[in-house]
There are 2 protein chains.
Amino acid sequence: MANPYHAPLSLMRLALQQAAQSAGVSVLKGYQEILSDLAEPILENAARFASDVLSPLNKVGDRTPSRCEPQGVVTPPGFVEAYRRFREDGWASLAAPAEYGGQGLPTLLSAAVTEMWGGANLSFAMCPELTVGALEAMRVHASAKLIGEYAPHLASGYWASAMCLTEPQAGSDLSTLRTRAEPDGEAWRLRGRKIYISWGDHDLTGNIVHFVLARTPDAPPGLKGISLFLVPKNLRAANGRLEKNDIDAVSLEHKMGIRASPTCVMVLGEHGGARGWLIGRLNDGLGCMFTMINHMRLGVGLHSVGLAERSLQLARHYARERLQGRDTAGAQRPIIEHTDVRRMLLLMKSLTQAARGLAYTAAATLDVAHLANDDDARRTAAARRVDLLTPVVKAWCSDVGVEVASLGVQVHGGMGYIDDAEISQVYRDARIGPIFEGTNYIQAQDLLGRKVIRDQGAALNELLAEIEAAAHELPADTAHPLAQLRTVLAQSCTRLRAATHTLIERSAREPDLIGATAHHFLHWLGILAGGWQLALSARRAVAQIDATAARAVVDIAAFYATHVLPRTYTHEAAVRDGVRAVAEASIADL
Amino acid sequence: MANPYHAPLSLMRLALQQAAQSAGVSVLKGYQEILSDLAEPILENAARFASDVLSPLNKVGDRTPSRCEPQGVVTPPGFVEAYRRFREDGWASLAAPAEYGGQGLPTLLSAAVTEMWGGANLSFAMCPELTVGALEAMRVHASAKLIGEYAPHLASGYWASAMCLTEPQAGSDLSTLRTRAEPDGEAWRLRGRKIYISWGDHDLTGNIVHFVLARTPDAPPGLKGISLFLVPKNLRAANGRLEKNDIDAVSLEHKMGIRASPTCVMVLGEHGGARGWLIGRLNDGLGCMFTMINHMRLGVGLHSVGLAERSLQLARHYARERLQGRDTAGAQRPIIEHTDVRRMLLLMKSLTQAARGLAYTAAATLDVAHLANDDDARRTAAARRVDLLTPVVKAWCSDVGVEVASLGVQVHGGMGYIDDAEISQVYRDARIGPIFEGTNYIQAQDLLGRKVIRDQGAALNELLAEIEAAAHELPADTAHPLAQLRTVLAQSCTRLRAATHTLIERSAREPDLIGATAHHFLHWLGILAGGWQLALSARRAVAQIDATAARAVVDIAAFYATHVLPRTYTHEAAVRDGVRAVAEASIADL
């Protein structure tokens with residue numbers, strides 16, 4: 001392949017250091033040492049694996065999607081071998097807890113690696129991400145027995161995992177779930193039909209451990225009667241060998257993108273019931289599942305950053321090669337010299353780096369929330385921050401992924417519309433981000449309703465104070481390229497604080513308030529927090545590295561201040577004035 | 001098909017009447033009568049043809065793209081028969097000049113019909129649109145002899161046309177064109193290679209009349225040495241029969257969307273040279289071609305409105321059928337009752353109707369520019385307005401098409417990502433709009449550089465005065481749902497006038513000014529002019545139709561005022577402050 005994915009290592013390093021600092025990892029014993037000693041070789045090896053193994057398979061997977069055969073799902077040519085190497089090289093166990101045999105590396109470090117997998121080959125990347133999420137759910141909620149039987153196989157990457165939530169009638173609203181689990185000795189028998197199950201079946205691993213939401217016979221109706229079950233594809237028989245359980249992929253969806261990733265219709269219990277084991281407490285399935293879902297939401301954000309980065313790479317490469325127009329001396333110019341193409345590339349790059357900073361910061365903060373055992377206040381504050389940032393990372397970064405991919409197509413002109421151009425695949429692949437693992441509106445509602453209004457804006461105001469502090473450390477001299485960022489960032493904090501105050505006040509009496517404004521609120525915060533990240537980078541770059549290297553960082557921060565941050569004005573106006581028009585519109589007239 | 005395309009006839013009627021009025025067609029003798037007598041049966045019959053014939057073939061064409069066979073390009077199953085009916089029912093001749101045997105109907109009326117074809121089946125719609133554009137170019141530039149030989153066949157729809165501009169090295173910049181034309185008696189022999197030729201070959205018609213840009217032996221270099229040639233696929237031999245000319249489609253592109261539309265690589269002169277005839281004057285090829293290209297640009301805008309409308313239909317249909325969540329009484333609710341889904345549908349509908357109004361207004365104004373023969377001042381003013389609006393209609397409407405299609409995918413959730421859902425095709429099809437017939441930046445540059453700065457903002461200021469007048473006719477009472485529209489619209493006119501004044505002043509000394517701001521300038525004007533259209537509709541609806549029917553129109557105008565018009569703040573900030581960050585960014589650092 002002419003132009004495989006290349007991990008942007010220097011930007012990643014900058015973002016890692018900055019995220020570590022801004023999340024306050026210095027309280028974690030040994031953490032900074034792990035980062036210093038291990039980050040470099042891991043990033044370099046991962047970058048090589050992404051370029052050499054995963055990226056060349058990306059188009060193969062798009063052209064030869066996974067298919068459903070009588071013996072099970074068959075992945076595209078090369079995927080089995082690539083996964084074997086992935087596992088052998090230790091990538092599957094990178095983020096898995098050490099107590100299960102994994103390497104137990106910080107979430108922050110695995111975040112950068114996760115971004116690489118997503119940028120090189122999103123379809124492939126989704127599979128190991130599910131397994132890491134499953135291990136996290138097991139760690140928190142599963143019994144020692146289940147952990148003993150399953151976690152080591154998952155941590156080594158010999159087995160994989162999948163999340164079985166959606167049913168035909170139950171998508172964003174899981175309360176109507178119908179899959180049943182009936183007691184069967186110390187285990188359960190499950191019957192039902194699940195759809196949209198990513199990597200629900202495949203040939204990469206010897207077993208697949210499904211996490212299935214189901215109802216037990218006497219469960220209360222609605223969301224409070226859902227339990228979580230572990231249902232392996234293959235059961236350990238008395239003789240120690242694996243035997244097929246009663247769960248099967250019966251068909252695959254044909255999709256716009258991520259075509260190598262098998263999206264399965266799963267049937268449980270066609271032959272008497274799939275054997276399963278309860279995870280966590282009865283009727284607490286959603287709570288248990290959310291540990292895995294929250295992990296996946298960060299994963300979507302990180303993968304989306306990877307896709308944005310890949311779009312930038314493809315567009316930049318094309319813009320440097322493609323000659324159109326002439327300079328004043330009559331020589332043909334690469335289109336990267338055309339001002340509007342530069343504008344598009346700057347927009348792509350600034351959005352990507354802003355989203356990267358935000359996603360890494362969420363990951364570093366998650367490490368503090370998990371590991372700051374001797375500092376309760378800090379751990380609690382970190383957990384609150386992660387809760388606040390998770391929906392923003394999932395929704396804003398995935399919307400950025402779509403936008404940047406679309407800009408990438410545009411830079412390519414007609415070539416971007418042709419299947420041969422990888423950017424056309426990235427554009428299709430990126431579109432899943434705003435949909436799965438909870439649609440972006442589900443994220444926005446979660447953010448505004450549960451993470452902001454419920455605590456009266458406390459967690460948000462903590463964040464805004466940090467953003468303001470970062471803004472005030474930028475140069476105030478209006479001739480400096482960063483002065484505009486300082487002003488707009490600080491103003492937007494003040495305005496968002498005021499708007500939030502009003503929203504909290506109005507929320508009690510305006511039933512459509514969250515529905516009409518949550519989208520705009522989330523984007524406002526996303527853009528603002530992205531600007532915060534670029535402000536931190538720019539300050540760091542100016543202070544620590546030489547002027548030439550700093551310049552690129554300052555350039556994109558200055559660009560973001562004048563081309564992206566002003567989008568917050570639009571969202572502000574809609575948050576302030578836009579409820580009535582939505583609330584009063586007649587559905588019949590739509 | 002469960003849910004075929006349905007032309008939104010009442011919204012179209014409203015937009016037609018409004019466009020006619022605002023373009024001032026009352027000066028055209030007989031025009032209003034034609035509209036009154038013919039509009040209704042034509043719209044109803046076209047709507048039926050779009051629903052019954054074109055819409056059911058849309059997915060067929062996506063799944064079974066056109067293919068290149070030794071005997072030529074073969075279109076998807078059903079396309080030949082559909083085109084035969086299209087021609088027999090008189091749709092091919094609708095907009096063709098009466099002197100060539102066409103029906104010579106107003107551009108405004110054919111605009112509504114063009115929107116329907118695009119909404120029902122974009123791939124199919126592109127073919128007849130090319131022929132209408134070719135006839136217009138012939139009418140203005142071709143010799144009586146060529147017109148006599150070719151125009152009647154095109155006007156009847158028995159023959160089709162194609163535009164051969166792009167070459168591998170010459171896309172947005174046609175100055176590097178290499179196709180050669182050498183004199184051969186009263187005709188020419190052409191040799192060269194053209195790419196991205198939409199409908200360059202197919203089996204729908206007995207002949208295809210190509211409009212080919214090429215260089216003659218002694219032509220000056222660059223754009224001033226390009227001539228336009230008519231090159232038929234088949235030549236009329238001495239015995240009156242058609243014989244193959246030396247021009248062939250040698251391969252088709254495999255594309256993200258519009259898969260039924262054959263995008264051809266054309267080779268001319270592999271066997272001695274393709275016979276061609278000069279259109280217009282030597283070395284004036286670009287000027288001649290622009291008559292056709294400008295027609296196609298309006299066509300892209302209209303087709304994009306059709307795609308936006310189709311996305312709205314699909315999303316609304318899905319949102320009414322899909323049940324998720326419960327109301328307070330515990331009954332399951334269609335997702336259209338969820339506030340954020342309503343927000344997305346209102347956004348889709350308001351953008352679509354705003355874009356429709358703008359595109360129809362450009363079409364009606366074109367009629368005035370063509371037909372107001374006894375009023376020179378009015379004709380000139382209309383031509384100036386068409387010149388100003390054409391790039392906005394092409395670029396803004398096509399960006400709206402992409403945005404609305406993406407919202408349509410989002411309303412569908414996971415289902416929107418599945419090939420079975422037509423919205424996933426619309427999303428892919430819509431993405432070509434911002435690319436072809438001049439990328440959207442080419443439009444923006446044309447708008448700001450040639451249509452605004454060159455005349456010192458004169459044409460723009462005329463438009464802004466009309467928009468302000470329309471704003472001031474809206475209710476001023478702040479309790480009225482339209483009061484916000486009045487305020488924001490008027491303010492934005494004032495601000496755009498001021499910003500334009502500054503841009504004109506700065507343009508002489510800031511070489512990157514147009515490149516860095518043109519995108520934002522075009523979007524600002526597009527959003528503002530779209531708001532103007534909704535303001536006119538709302539006022540018209542309130543004055544003329546009953547309160548219930550008016551309500552839907554007022555609803556979307558009020559929504560647009562608070563959720564869309566505030567986007568102009570973003571563009572304003574970028575136009576004002578955003579040049580330096582683009583101009584100073586280092587290409588090496590990108």
# chains A, B, ... in the order shown; residues from 1 in each chain; ligands from 1

$ residues_around --residues "Glu337 of chain A" --least-positions-apart "4" --cutoff "9 Å" --atoms "only C-alpha atoms" --output "PyMOL selection string"
(chain A and resi 319-320+333+341-342) or (chain B and resi 587)

$ select_by_dssp --residues "segment 108-311 of chain B" --states "strand (DSSP E)" --output "JSON, numbers by chain"
{"B": [159, 160, 161, 162, 163, 164, 180, 181, 182, 183, 184, 187, 188, 189, 190, 191, 192, 193, 194, 195, 196, 197, 198, 207, 208, 209, 210, 211, 212, 213, 214, 227, 228, 229, 230, 231, 232, 234, 235, 236, 242, 243, 244, 247, 248, 249, 250, 251, 252, 263, 264, 265, 266, 267, 268, 274, 275, 276, 277, 278, 279]}

$ select_by_dssp --residues "segment 64-141 of chain A" --states "alpha helix (DSSP H)" --output "number ranges by chain"
A: 79-88, 107-120, 122-141

$ write_last_selection --atoms "C-alpha atoms" --output "CSV table (one decimal), in the first residue's frame"
chain,number,residue,atom,x,y,z
A,79,PHE,CA,-7.7,-11.2,9.7
A,80,VAL,CA,-7.1,-14.5,11.4
A,81,GLU,CA,-3.4,-14.3,10.9
A,82,ALA,CA,-3.3,-10.6,11.9
A,83,TYR,CA,-5.2,-11.4,15.1
A,84,ARG,CA,-2.8,-14.3,15.9
A,85,ARG,CA,0.1,-11.8,15.6
A,86,PHE,CA,-1.8,-9.2,17.6
A,87,ARG,CA,-2.2,-11.7,20.4
A,88,GLU,CA,1.3,-13.1,20.2
A,107,THR,CA,-5.6,3.3,30.5
A,108,LEU,CA,-3.8,6.4,29.2
A,109,LEU,CA,-1.1,4.4,27.5
A,110,SER,CA,-3.6,1.9,26.0
A,111,ALA,CA,-5.7,4.9,24.9
A,112,ALA,CA,-3.0,6.0,22.5
A,113,VAL,CA,-2.6,2.4,21.2
A,114,THR,CA,-6.4,2.1,20.9
A,115,GLU,CA,-6.4,5.3,18.7
A,116,MET,CA,-3.8,3.6,16.4
A,117,TRP,CA,-5.9,0.5,15.9
A,118,GLY,CA,-8.9,2.6,15.1
A,119,GLY,CA,-7.0,4.7,12.7
A,120,ALA,CA,-5.4,1.8,10.9
A,122,LEU,CA,-11.6,0.3,12.7
A,123,SER,CA,-13.3,-3.0,11.9
A,124,PHE,CA,-10.4,-5.0,13.4
A,125,ALA,CA,-10.0,-2.6,16.3
A,126,MET,CA,-13.5,-3.1,17.6
A,127,CYS,CA,-12.9,-6.8,18.5
A,128,PRO,CA,-10.1,-6.4,21.1
A,129,GLU,CA,-11.8,-3.3,22.5
A,130,LEU,CA,-14.8,-5.4,23.4
A,131,THR,CA,-12.6,-7.8,25.3
A,132,VAL,CA,-11.0,-5.1,27.3
A,133,GLY,CA,-14.4,-3.7,28.2
A,134,ALA,CA,-15.6,-7.1,29.2
A,135,LEU,CA,-12.7,-7.7,31.5
A,136,GLU,CA,-13.4,-4.4,33.2
A,137,ALA,CA,-17.0,-5.4,33.7
A,138,MET,CA,-15.9,-8.8,35.1
A,139,ARG,CA,-13.4,-7.2,37.4
A,140,VAL,CA,-16.0,-5.0,39.0
A,141,HIS,CA,-19.1,-7.2,39.0

$ residues_around --residues "segment 173-179 of chain B" --least-positions-apart "5" --cutoff "8 Å" --atoms "only C-alpha atoms" --output "compact mmCIF listing (two decimals) with N, CA and C atoms, in the first residue's frame"
# COMPACT_ATOMS: atom_id res chain seq x y z
N GLN A 324 -2.43 21.20 -9.11
CA GLN A 324 -3.47 21.96 -9.81
C GLN A 324 -3.16 23.43 -9.63
N GLY A 325 -3.33 24.20 -10.68
CA GLY A 325 -3.05 25.63 -10.60
C GLY A 325 -1.54 25.89 -10.66
N LEU B 165 -14.92 17.41 -19.62
CA LEU B 165 -13.99 18.45 -19.21
C LEU B 165 -12.72 17.85 -18.60
N THR B 166 -12.91 17.12 -17.49
CA THR B 166 -11.79 16.71 -16.66
C THR B 166 -10.85 15.73 -17.36
N GLU B 167 -9.55 15.92 -17.11
CA GLU B 167 -8.54 14.94 -17.52
C GLU B 167 -7.74 14.58 -16.27
N LEU B 190 -10.30 14.77 -32.85
CA LEU B 190 -9.89 14.92 -31.44
C LEU B 190 -9.22 13.66 -30.93
N ARG B 191 -8.20 13.89 -30.11
CA ARG B 191 -7.48 12.79 -29.46
C ARG B 191 -7.21 13.18 -28.01
N GLY B 192 -7.53 12.28 -27.11
CA GLY B 192 -7.23 12.57 -25.70
C GLY B 192 -7.97 11.62 -24.77
N ARG B 193 -7.83 11.89 -23.49
CA ARG B 193 -8.40 11.02 -22.47
C ARG B 193 -9.13 11.90 -21.46
N LEU B 213 -13.95 19.70 -24.23
CA LEU B 213 -12.95 20.77 -24.22
C LEU B 213 -11.63 20.24 -24.75
N ALA B 214 -11.01 20.98 -25.68
CA ALA B 214 -9.75 20.52 -26.26
C ALA B 214 -8.94 21.72 -26.77
N ARG B 215 -7.69 21.46 -27.05
CA ARG B 215 -6.79 22.49 -27.59
C ARG B 215 -6.56 22.29 -29.08
N PRO B 221 -1.34 28.95 -24.62
CA PRO B 221 -1.35 28.05 -23.46
C PRO B 221 -2.41 28.50 -22.46
N GLY B 222 -2.70 27.63 -21.53
CA GLY B 222 -3.58 27.98 -20.41
C GLY B 222 -5.04 28.03 -20.80
N LEU B 223 -5.81 28.73 -19.98
CA LEU B 223 -7.27 28.74 -20.12
C LEU B 223 -7.73 29.43 -21.39
N ILE B 226 -8.43 27.11 -24.99
CA ILE B 226 -9.30 25.93 -24.94
C ILE B 226 -10.56 26.20 -25.76

$ closest_atom_pairs --of "chain B" --to "chain A" --cutoff "6 Å" --atoms "only C-alpha atoms" --output "JSON lines"
{"residue": "B:Asp173", "atom": "CA", "partner": "A:Gly325", "partner_atom": "CA", "distance": 5.5}
{"residue": "B:His254", "atom": "CA", "partner": "A:Asp419", "partner_atom": "CA", "distance": 5.6}
{"residue": "B:Lys255", "atom": "CA", "partner": "A:Ile418", "partner_atom": "CA", "distance": 4.4}
{"residue": "B:Met256", "atom": "CA", "partner": "A:Tyr417", "partner_atom": "CA", "distance": 5.6}
{"residue": "B:Gln324", "atom": "CA", "partner": "A:Asp173", "partner_atom": "CA", "distance": 5.6}
{"residue": "B:Gly325", "atom": "CA", "partner": "A:Asp173", "partner_atom": "CA", "distance": 5.5}
{"residue": "B:Thr339", "atom": "CA", "partner": "A:Gly515", "partner_atom": "CA", "distance": 4.7}
{"residue": "B:Asp340", "atom": "CA", "partner": "A:Gly515", "partner_atom": "CA", "distance": 4.8}
{"residue": "B:Arg343", "atom": "CA", "partner": "A:Val582", "partner_atom": "CA", "distance": 5.9}
{"residue": "B:Gly413", "atom": "CA", "partner": "A:Ile435", "partner_atom": "CA", "distance": 5.6}
{"residue": "B:Tyr417", "atom": "CA", "partner": "A:Met256", "partner_atom": "CA", "distance": 5.6}
{"residue": "B:Ile418", "atom": "CA", "partner": "A:Lys255", "partner_atom": "CA", "distance": 4.4}
{"residue": "B:Asp419", "atom": "CA", "partner": "A:Lys255", "partner_atom": "CA", "distance": 5.1}
{"residue": "B:Ile435", "atom": "CA", "partner": "A:Gly413", "partner_atom": "CA", "distance": 5.6}
{"residue": "B:Gly515", "atom": "CA", "partner": "A:Thr339", "partner_atom": "CA", "distance": 4.6}
{"residue": "B:Ala516", "atom": "CA", "partner": "A:Asp340", "partner_atom": "CA", "distance": 5.7}
{"residue": "B:Ala552", "atom": "CA", "partner": "A:Asp589", "partner_atom": "CA", "distance": 5.3}
{"residue": "B:Asp555", "atom": "CA", "partner": "A:Ala585", "partner_atom": "CA", "distance": 5.6}
{"residue": "B:Ala558", "atom": "CA", "partner": "A:Ala581", "partner_atom": "CA", "distance": 5.9}
{"residue": "B:Phe559", "atom": "CA", "partner": "A:Ala581", "partner_atom": "CA", "distance": 4.9}
{"residue": "B:Thr562", "atom": "CA", "partner": "A:Gly578", "partner_atom": "CA", "distance": 5.1}
{"residue": "B:His563", "atom": "CA", "partner": "A:Ala574", "partner_atom": "CA", "distance": 5.2}
{"residue": "B:Pro566", "atom": "CA", "partner": "A:Thr570", "partner_atom": "CA", "distance": 4.7}
{"residue": "B:Arg567", "atom": "CA", "partner": "A:Thr570", "partner_atom": "CA", "distance": 5.0}
{"residue": "B:Thr570", "atom": "CA", "partner": "A:Pro566", "partner_atom": "CA", "distance": 4.7}
{"residue": "B:Ala574", "atom": "CA", "partner": "A:His563", "partner_atom": "CA", "distance": 5.2}
{"residue": "B:Asp577", "atom": "CA", "partner": "A:Thr562", "partner_atom": "CA", "distance": 5.9}
{"residue": "B:Gly578", "atom": "CA", "partner": "A:Thr562", "partner_atom": "CA", "distance": 5.1}
{"residue": "B:Ala581", "atom": "CA", "partner": "A:Phe559", "partner_atom": "CA", "distance": 4.9}
{"residue": "B:Val582", "atom": "CA", "partner": "A:Arg343", "partner_atom": "CA", "distance": 5.9}
{"residue": "B:Ala585", "atom": "CA", "partner": "A:Asp555", "partner_atom": "CA", "distance": 5.6}
{"residue": "B:Asp589", "atom": "CA", "partner": "A:Ala552", "partner_atom": "CA", "distance": 5.3}
